[in-house]
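Asks: mmCIF, C-alpha atoms and all ligand atoms, file input_30.cif:
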```
data_data
#
loop_
_atom_site.label_atom_id
_atom_site.label_comp_id
_atom_site.auth_asym_id
_atom_site.auth_seq_id
_atom_site.Cartn_x
_atom_site.Cartn_y
_atom_site.Cartn_z
CA MET A 1 -1.88 18.89 2.89
CA THR A 2 0.89 19.96 5.23
CA HIS A 3 4.19 18.15 5.20
CA THR A 4 7.11 19.50 7.03
CA GLY A 5 10.64 18.27 7.30
CA LYS A 6 12.33 17.09 10.48
CA SER A 7 14.49 20.22 10.55
CA THR A 8 11.50 22.35 11.56
CA GLY A 9 10.62 20.02 14.41
CA GLN A 10 7.22 19.40 12.80
CA PRO A 11 5.81 15.91 12.22
CA ASP A 12 6.84 14.20 8.98
CA THR A 13 3.54 12.37 8.56
CA SER A 14 0.47 13.93 7.01
CA VAL A 15 -2.49 15.37 8.89
CA LEU A 16 -4.85 13.30 6.74
CA LEU A 17 -3.10 9.99 7.47
CA GLN A 18 -2.85 10.83 11.16
CA SER A 19 -6.63 11.00 11.27
CA ALA A 20 -6.88 7.24 10.51
CA ARG A 21 -9.43 5.40 12.62
CA PHE A 22 -10.46 1.75 12.45
CA CYS A 23 -13.59 1.49 10.30
CA THR A 24 -14.43 -2.16 9.72
CA THR A 25 -13.06 -5.55 8.88
CA ALA A 26 -14.23 -7.58 5.88
CA ALA A 27 -13.87 -11.33 5.37
CA ALA A 28 -15.53 -11.27 1.96
CA PHE A 29 -16.02 -8.83 -0.89
CA ALA A 30 -19.69 -8.29 0.01
CA GLN A 31 -18.67 -7.06 3.48
CA LEU A 32 -16.68 -4.10 2.16
CA PRO A 33 -18.18 -0.61 2.58
CA THR A 34 -20.49 0.20 -0.31
CA ASP A 35 -20.05 3.99 -0.42
CA ALA A 36 -17.87 5.59 -3.08
CA LEU A 37 -15.02 6.83 -0.86
CA PRO A 38 -11.60 6.31 -2.46
CA GLU A 39 -9.39 3.62 -0.94
CA VAL A 40 -5.64 3.12 -0.93
CA ALA A 41 -4.72 -0.52 -0.36
CA PHE A 42 -1.58 -1.84 1.36
CA VAL A 43 -0.31 -5.22 0.23
CA GLY A 44 2.82 -7.26 0.78
CA ARG A 45 4.33 -10.55 1.86
CA SER A 46 3.77 -11.29 5.50
CA ASN A 47 6.66 -9.97 7.56
CA ALA A 48 7.64 -7.45 4.87
CA GLY A 49 6.80 -4.63 7.30
CA LYS A 50 3.27 -3.68 6.19
CA SER A 51 1.78 -3.14 9.64
CA SER A 52 4.81 -1.13 10.76
CA ALA A 53 4.58 1.05 7.64
CA ILE A 54 0.86 1.72 8.14
CA ASN A 55 1.40 2.55 11.79
CA VAL A 56 4.28 4.93 11.18
CA LEU A 57 2.59 6.62 8.21
CA CYS A 58 -0.49 7.21 10.34
CA GLY A 59 1.56 8.23 13.36
CA GLN A 60 -0.12 5.58 15.50
CA ARG A 61 1.52 2.73 17.30
CA ARG A 62 -1.16 0.10 17.11
CA LEU A 63 -3.47 1.07 14.27
CA ALA A 64 -2.71 -1.98 12.15
CA PHE A 65 -2.72 -4.23 15.19
CA ALA A 66 -6.07 -5.71 14.18
CA SER A 67 -4.37 -7.34 11.23
CA LYS A 68 -2.18 -9.35 13.58
CA THR A 69 -5.02 -10.74 15.66
CA PRO A 70 -5.38 -14.48 15.02
CA GLY A 71 -8.42 -15.15 12.87
CA ARG A 72 -8.30 -11.66 11.39
CA THR A 73 -5.23 -12.22 9.29
CA GLN A 74 -7.32 -13.17 6.28
CA HIS A 75 -9.53 -10.11 6.49
CA ILE A 76 -9.28 -6.74 4.84
CA ASN A 77 -9.13 -4.13 7.58
CA LEU A 78 -10.32 -0.66 6.67
CA PHE A 79 -9.42 2.64 8.26
CA ASP A 80 -11.30 5.92 7.79
CA LEU A 81 -9.39 9.07 6.94
CA GLY A 82 -11.07 12.36 7.77
CA LEU A 83 -10.68 16.07 7.32
CA GLY A 84 -12.67 18.41 9.53
CA GLY A 85 -14.74 15.55 10.90
CA GLU A 86 -15.76 14.33 7.45
CA VAL A 87 -14.50 10.96 6.18
CA ILE A 88 -12.91 11.55 2.77
CA GLY A 89 -11.19 8.23 2.06
CA ARG A 90 -9.91 4.97 3.49
CA LEU A 91 -6.85 2.83 3.85
CA ALA A 92 -7.32 -0.89 3.25
CA ASP A 93 -4.89 -3.30 4.91
CA LEU A 94 -4.96 -6.47 2.80
CA PRO A 95 -3.93 -9.89 4.16
CA GLY A 96 -0.21 -10.57 3.95
CA TYR A 97 0.72 -13.38 1.57
CA GLY A 98 3.48 -15.99 1.52
CA PHE A 99 2.96 -17.19 5.06
CA ALA A 100 3.98 -20.83 4.92
CA ALA A 101 2.06 -22.24 7.88
CA VAL A 102 -1.37 -21.81 6.33
CA PRO A 103 -3.48 -24.67 4.98
CA MET A 104 -3.75 -24.69 1.19
CA GLU A 105 -7.52 -24.26 1.24
CA THR A 106 -7.27 -21.14 3.40
CA LYS A 107 -4.51 -19.80 1.19
CA GLN A 108 -6.61 -20.27 -1.93
CA ARG A 109 -9.66 -18.66 -0.35
CA TRP A 110 -7.82 -15.51 0.62
CA GLN A 111 -5.93 -15.42 -2.67
CA ARG A 112 -9.34 -15.29 -4.36
CA PHE A 113 -10.47 -12.53 -2.02
CA ILE A 114 -7.35 -10.46 -2.72
CA ALA A 115 -7.69 -11.00 -6.48
CA GLN A 116 -11.36 -10.07 -6.33
CA TYR A 117 -10.58 -6.94 -4.33
CA LEU A 118 -7.84 -5.86 -6.73
CA THR A 119 -9.85 -6.40 -9.88
CA LEU A 120 -13.38 -5.43 -8.82
CA ARG A 121 -13.04 -2.75 -6.18
CA MET A 122 -14.08 0.42 -7.97
CA GLN A 123 -13.12 2.57 -4.98
CA LEU A 124 -9.48 1.50 -5.25
CA ALA A 125 -7.38 4.59 -6.00
CA GLY A 126 -3.91 3.08 -5.72
CA LEU A 127 -1.87 0.27 -4.33
CA VAL A 128 1.04 0.51 -1.90
CA LEU A 129 3.18 -2.61 -2.25
CA ILE A 130 5.44 -3.22 0.73
CA ALA A 131 8.59 -5.22 0.04
CA ASP A 132 11.71 -5.88 2.08
CA SER A 133 14.49 -3.79 0.51
CA ARG A 134 16.90 -6.68 1.08
CA LEU A 135 14.76 -9.06 -0.99
CA GLY A 136 13.25 -6.78 -3.61
CA LEU A 137 10.16 -8.07 -5.44
CA THR A 138 9.63 -11.81 -5.03
CA GLU A 139 7.58 -14.16 -7.21
CA LEU A 140 4.57 -13.69 -4.92
CA ASP A 141 4.80 -9.93 -5.40
CA TRP A 142 4.84 -10.41 -9.18
CA THR A 143 1.79 -12.65 -8.88
CA LEU A 144 0.05 -9.93 -6.90
CA LEU A 145 1.00 -7.34 -9.50
CA SER A 146 -0.46 -9.60 -12.18
CA TYR A 147 -3.78 -9.65 -10.26
CA ALA A 148 -3.64 -5.87 -9.94
CA ALA A 149 -2.75 -5.13 -13.56
CA PRO A 150 -6.23 -5.34 -15.18
CA ALA A 151 -7.63 -2.60 -12.93
CA ALA A 152 -4.81 -0.28 -14.03
CA ARG A 153 -4.46 1.49 -10.69
CA PRO A 154 -1.15 3.20 -9.87
CA VAL A 155 1.28 1.21 -7.71
CA HIS A 156 3.82 2.66 -5.27
CA VAL A 157 6.45 0.24 -3.99
CA LEU A 158 7.86 0.88 -0.52
CA LEU A 159 11.21 -0.87 -0.15
CA THR A 160 11.19 -1.01 3.58
CA LYS A 161 13.70 -1.95 6.29
CA ALA A 162 16.16 0.27 4.38
CA ASP A 163 17.80 0.95 7.74
CA LYS A 164 19.32 -2.52 7.43
CA LEU A 165 21.21 -1.51 4.27
CA THR A 166 24.17 0.77 3.61
CA GLN A 167 23.65 3.81 1.37
CA ALA A 168 25.16 1.92 -1.57
CA GLN A 169 22.98 -1.13 -0.95
CA ARG A 170 19.88 1.06 -0.76
CA ALA A 171 20.60 2.63 -4.12
CA ALA A 172 21.29 -0.81 -5.62
CA SER A 173 18.05 -2.20 -4.19
CA ALA A 174 15.92 0.60 -5.66
CA ARG A 175 17.71 0.39 -9.00
CA LYS A 176 17.19 -3.39 -9.22
CA VAL A 177 13.47 -3.12 -8.47
CA ARG A 178 13.03 -0.32 -11.03
CA ASP A 179 14.92 -2.36 -13.64
CA ASP A 180 12.90 -5.49 -12.87
CA LEU A 181 9.68 -3.52 -13.19
CA GLN A 182 10.74 -2.05 -16.50
CA GLN A 183 11.57 -5.49 -17.81
CA ARG A 184 8.43 -7.21 -16.61
CA ALA A 185 5.79 -4.46 -16.91
CA ALA A 186 4.86 -5.24 -20.51
CA GLY A 187 4.56 -8.98 -19.87
CA LEU A 188 2.31 -8.31 -16.87
CA ARG A 189 0.34 -5.67 -18.81
CA LEU A 190 1.03 -3.23 -16.03
CA LEU A 191 -0.22 -0.11 -17.73
CA ALA A 192 -0.63 2.25 -14.78
CA PRO A 193 2.37 4.08 -13.34
CA VAL A 194 4.56 2.20 -10.87
CA SER A 195 6.86 4.18 -8.59
CA VAL A 196 9.50 2.91 -6.18
CA GLN A 197 11.02 4.42 -3.05
CA LEU A 198 13.12 3.38 -0.09
CA PHE A 199 11.47 3.35 3.31
CA SER A 200 12.18 2.57 6.92
CA SER A 201 9.60 2.47 9.67
CA THR A 202 12.19 2.41 12.41
CA GLN A 203 14.24 5.31 10.99
CA ARG A 204 11.20 7.16 9.64
CA LEU A 205 12.79 7.26 6.22
CA GLY A 206 10.65 8.15 3.22
CA LEU A 207 7.53 9.14 5.14
CA VAL A 208 6.94 12.43 3.32
CA GLU A 209 7.24 10.90 -0.16
CA ALA A 210 4.98 7.98 0.72
CA SER A 211 2.28 10.10 2.37
CA ARG A 212 2.28 12.56 -0.52
CA THR A 213 1.68 9.76 -3.01
CA ILE A 214 -1.17 8.33 -0.95
CA GLU A 215 -2.81 11.73 -0.49
CA GLU A 216 -2.58 12.51 -4.18
CA TRP A 217 -4.33 9.25 -5.01
CA LEU A 218 -7.08 9.92 -2.49
CA GLN A 219 -7.71 13.26 -4.11
CA THR A 220 -7.91 11.78 -7.62
CA PRO A 221 -11.11 10.07 -8.80
CA PRO A 222 -10.54 6.26 -8.53
CA ASP A 223 -11.25 5.37 -12.15
CA GLY A 224 -9.17 8.29 -13.40
CA THR A 225 -11.84 9.11 -15.99
CA ASP A 226 -11.70 12.82 -15.26
CA ASP A 227 -7.99 12.88 -15.96
CA ALA A 228 -8.45 10.86 -19.12
CA ASP A 229 -11.21 13.21 -20.28
CA ASP A 230 -9.05 16.23 -19.51
CA ALA A 231 -6.16 14.73 -21.43
CA ALA A 232 -8.39 13.93 -24.39
CA GLU A 233 -9.82 17.45 -24.37
CA ALA A 234 -6.37 18.97 -24.15
CA GLN A 235 -5.32 17.10 -27.28
CA ILE A 236 -8.29 18.18 -29.42
N1 LIG B 301 14.71 -2.72 11.06
C1 LIG B 301 13.44 -2.64 10.67
N2 LIG B 301 12.55 -3.59 11.03
C2 LIG B 301 11.27 -3.48 10.60
C3 LIG B 301 10.85 -2.41 9.75
N3 LIG B 301 9.55 -2.59 9.48
C4 LIG B 301 9.16 -3.73 10.11
N4 LIG B 301 10.20 -4.26 10.79
C5 LIG B 301 10.18 -5.50 11.59
O1 LIG B 301 9.83 -6.58 10.74
C6 LIG B 301 8.94 -7.50 11.37
C7 LIG B 301 7.64 -7.60 10.59
O2 LIG B 301 7.00 -6.34 10.59
P1 LIG B 301 5.43 -6.17 10.44
O3 LIG B 301 5.18 -4.71 10.28
O4 LIG B 301 4.67 -6.89 11.48
O5 LIG B 301 5.23 -6.92 9.04
P2 LIG B 301 3.90 -7.39 8.29
O6 LIG B 301 3.76 -8.85 8.54
O7 LIG B 301 4.18 -7.12 6.85
O8 LIG B 301 2.75 -6.59 8.80
C8 LIG B 301 8.76 -6.95 12.78
O9 LIG B 301 9.67 -7.59 13.63
C9 LIG B 301 9.10 -5.48 12.65
O10 LIG B 301 9.56 -4.91 13.84
C10 LIG B 301 11.84 -1.41 9.39
O11 LIG B 301 11.58 -0.46 8.64
N5 LIG B 301 13.10 -1.60 9.87
MG MG B 302 1.00 -7.24 9.61
#
```
Kindly present the structure from the file in structure tokens form.
Ligand SMILES: Nc1nc2c(ncn2[C@@H]2O[C@H](COP(=O)(O)OP(=O)(O)O)[C@@H](O)[C@H]2O)c(=O)[nH]1
Ligand SMILES: [Mg+2]
Replies:
Amino acid sequence: MTHTGKSTGQPDTSVLLQSARFCTTAAAFAQLPTDALPEVAFVGRSNAGKSSAINVLCGQRRLAFASKTPGRTQHINLFDLGLGGEVIGRLADLPGYGFAAVPMETKQRWQRFIAQYLTLRMQLAGLVLIADSRLGLTELDWTLLSYAAPAARPVHVLLTKADKLTQAQRAASARKVRDDLQQRAAGLRLLAPVSVQLFSSTQRLGLVEASRTIEEWLQTPPDGTDDADDAAEAQI
């Protein structure tokens, strides 16, 4: 996939992500598409900057707007990604969590939906966790990671709003999150790789790294069995 730096005057988002088109919205697991196309899911606390990140990564101003519509905030919104007219994968925008003004019953229902999605969705190729770089990973993010752990999908943390930090603060934020992950990974049984990067939707910081990660996941079989088989064969 083509990625070009700002210096060449070319876009810094990927052609594949720019092809994103709204596909469907699901209020329950049974409403999710049943084909085998790989999915990359975006998760994060509400207000962390998830919609902004999706929009800027896809080079579209209002793609993730659906997620803001009242009544749709507890849905999973799916976007098709295509190459040459053929849909080859999807992005899944999961409901933001940690929004205080939500009745407990609603909260529990969508918590179950998120947990179900993260553990049962075979098509899930990887998880992009959006966190505010000023806050790092909060208890709700750790809870989400604990839901995600059994499925052993790779996780990529975008520490967004990095434009609000100085260079030194950015480095400290990334270091703290990496250290926290190292300390807590075993306890959470997080076996799949977790990577961390700084990001800013307003300054378009970290777009190339984030899109590359997402594209790589979409081009890897979701259950990773092929890789595992290859590795096993290589060792024999
Ligand atoms: N400065 C700055 N503000 C951001 C960034 N990303 C999001 N925001 C702001 O943070 C607020 C929440 O963003 P939004 O994308 O709606 O968050 P969501 O609830 O996680 O989808 C909005 O006011 C955004 O304009 C960023 O990278 N930098
Ligand atoms: Mg949003």
Asks: Would you compute, for all listed atoms of region 83-92 of chain A, the axis-aligned bounding box grown by 5 Å on each side, and then report its centre and edge lengths in Å rounded to one decimal, as AutoDock Vina command-line options?
Replies:
```
--center_x -11.3 --center_y 8.8 --center_z 6.5 --size_x 18.9 --size_y 29.3 --size_z 18.8
```
Asks: Which one is closest to Glu139 (chain A): A:Asp163, A:Ser52, A:Arg45, A:Leu32? Count only C-alpha atoms.
Replies: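 Using only C-alpha atoms, Glu139 (chain A) sits closest to A:Arg45.
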Asks: Anything within 12 Å of (18.3, -4.2, -9.5): list those residues as a list of chain:residue names, counting all atoms listed in the file and sticking to the file's coordinates.
Replies: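 All residues meeting the 12 Å criterion around (18.3, -4.2, -9.5) are A:Ser133, A:Arg134, A:Leu135, A:Gly136, A:Leu137, A:Gln169, A:Arg170, A:Ala171, A:Ala172, A:Ser173, A:Ala174, A:Arg175, A:Lys176, A:Val177, A:Arg178, A:Asp179, A:Asp180, A:Leu181, A:Gln182, A:Gln183, A:Val196.
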Asks: How would the residues just picked look written out with C-alpha atoms as a PDB file, in the frame of the given file?
Replies:
```pdb
ATOM      1  CA  SER A 133      14.490  -3.790   0.510  1.00  0.00           C
ATOM      2  CA  ARG A 134      16.900  -6.680   1.080  1.00  0.00           C
ATOM      3  CA  LEU A 135      14.760  -9.060  -0.990  1.00  0.00           C
ATOM      4  CA  GLY A 136      13.250  -6.780  -3.610  1.00  0.00           C
ATOM      5  CA  LEU A 137      10.160  -8.070  -5.440  1.00  0.00           C
ATOM      6  CA  GLN A 169      22.980  -1.130  -0.950  1.00  0.00           C
ATOM      7  CA  ARG A 170      19.880   1.060  -0.760  1.00  0.00           C
ATOM      8  CA  ALA A 171      20.600   2.630  -4.120  1.00  0.00           C
ATOM      9  CA  ALA A 172      21.290  -0.810  -5.620  1.00  0.00           C
ATOM     10  CA  SER A 173      18.050  -2.200  -4.190  1.00  0.00           C
ATOM     11  CA  ALA A 174      15.920   0.600  -5.660  1.00  0.00           C
ATOM     12  CA  ARG A 175      17.710   0.390  -9.000  1.00  0.00           C
ATOM     13  CA  LYS A 176      17.190  -3.390  -9.220  1.00  0.00           C
ATOM     14  CA  VAL A 177      13.470  -3.120  -8.470  1.00  0.00           C
ATOM     15  CA  ARG A 178      13.030  -0.320 -11.030  1.00  0.00           C
ATOM     16  CA  ASP A 179      14.920  -2.360 -13.640  1.00  0.00           C
ATOM     17  CA  ASP A 180      12.900  -5.490 -12.870  1.00  0.00           C
ATOM     18  CA  LEU A 181       9.680  -3.520 -13.190  1.00  0.00           C
ATOM     19  CA  GLN A 182      10.740  -2.050 -16.500  1.00  0.00           C
ATOM     20  CA  GLN A 183      11.570  -5.490 -17.810  1.00  0.00           C
ATOM     21  CA  VAL A 196       9.500   2.910  -6.180  1.00  0.00           C
TER      22      VAL A 196
END
```
Asks: When the cut-off is 8 Å and you count only C-alpha atoms and all ligand atoms, which residues lie near ligand LIG 301 (chain B), shown as an MDAnalysis selection string?
Replies: chainID A and resid 44:53 64 67:68 96 130 160:164 199:204
Asks: With a distance cut-off of 10 Å and all atoms listed in the file, select the neighbouring residues of Leu144 (chain A), excluding the residue or stretch itself and same-chain residues fewer than 6 positions from it, and output the selection as a ChimeraX atom specification.
Replies: /A:43-45,97,111,114-115,118,129,138
Asks: Record the distance separating CA of Trp110 (chain A) and CA of Gln31 (chain A), expressed in Å with one decimal.
Replies: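 It comes out at 14.0 Å.
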Asks: Which residue gives the smallest distance to ligand MG 302 (chain B) among A:Leu207, A:Ala26, A:Leu94, A:Leu57, with all atoms listed in the file counted?
Replies: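 For ligand MG 302 (chain B), the nearest of the given residues is A:Leu94.
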Asks: Figure out the distance between CA of Leu78 (chain A) and CA of Met104 (chain A), please, to one decimal in Å.
Replies: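 Result for CA of Met104 (chain A) versus CA of Leu78 (chain A): 25.5 Å, one decimal.
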Asks: I'd like the neighbourhood of Glu39 (chain A) as number ranges by chain, where a residue qualifies if any of its atoms comes within 6 Å (using only C-alpha atoms), though same-chain residues fewer than 4 positions away should be ignored.
Replies: A: 89-91, 123-125
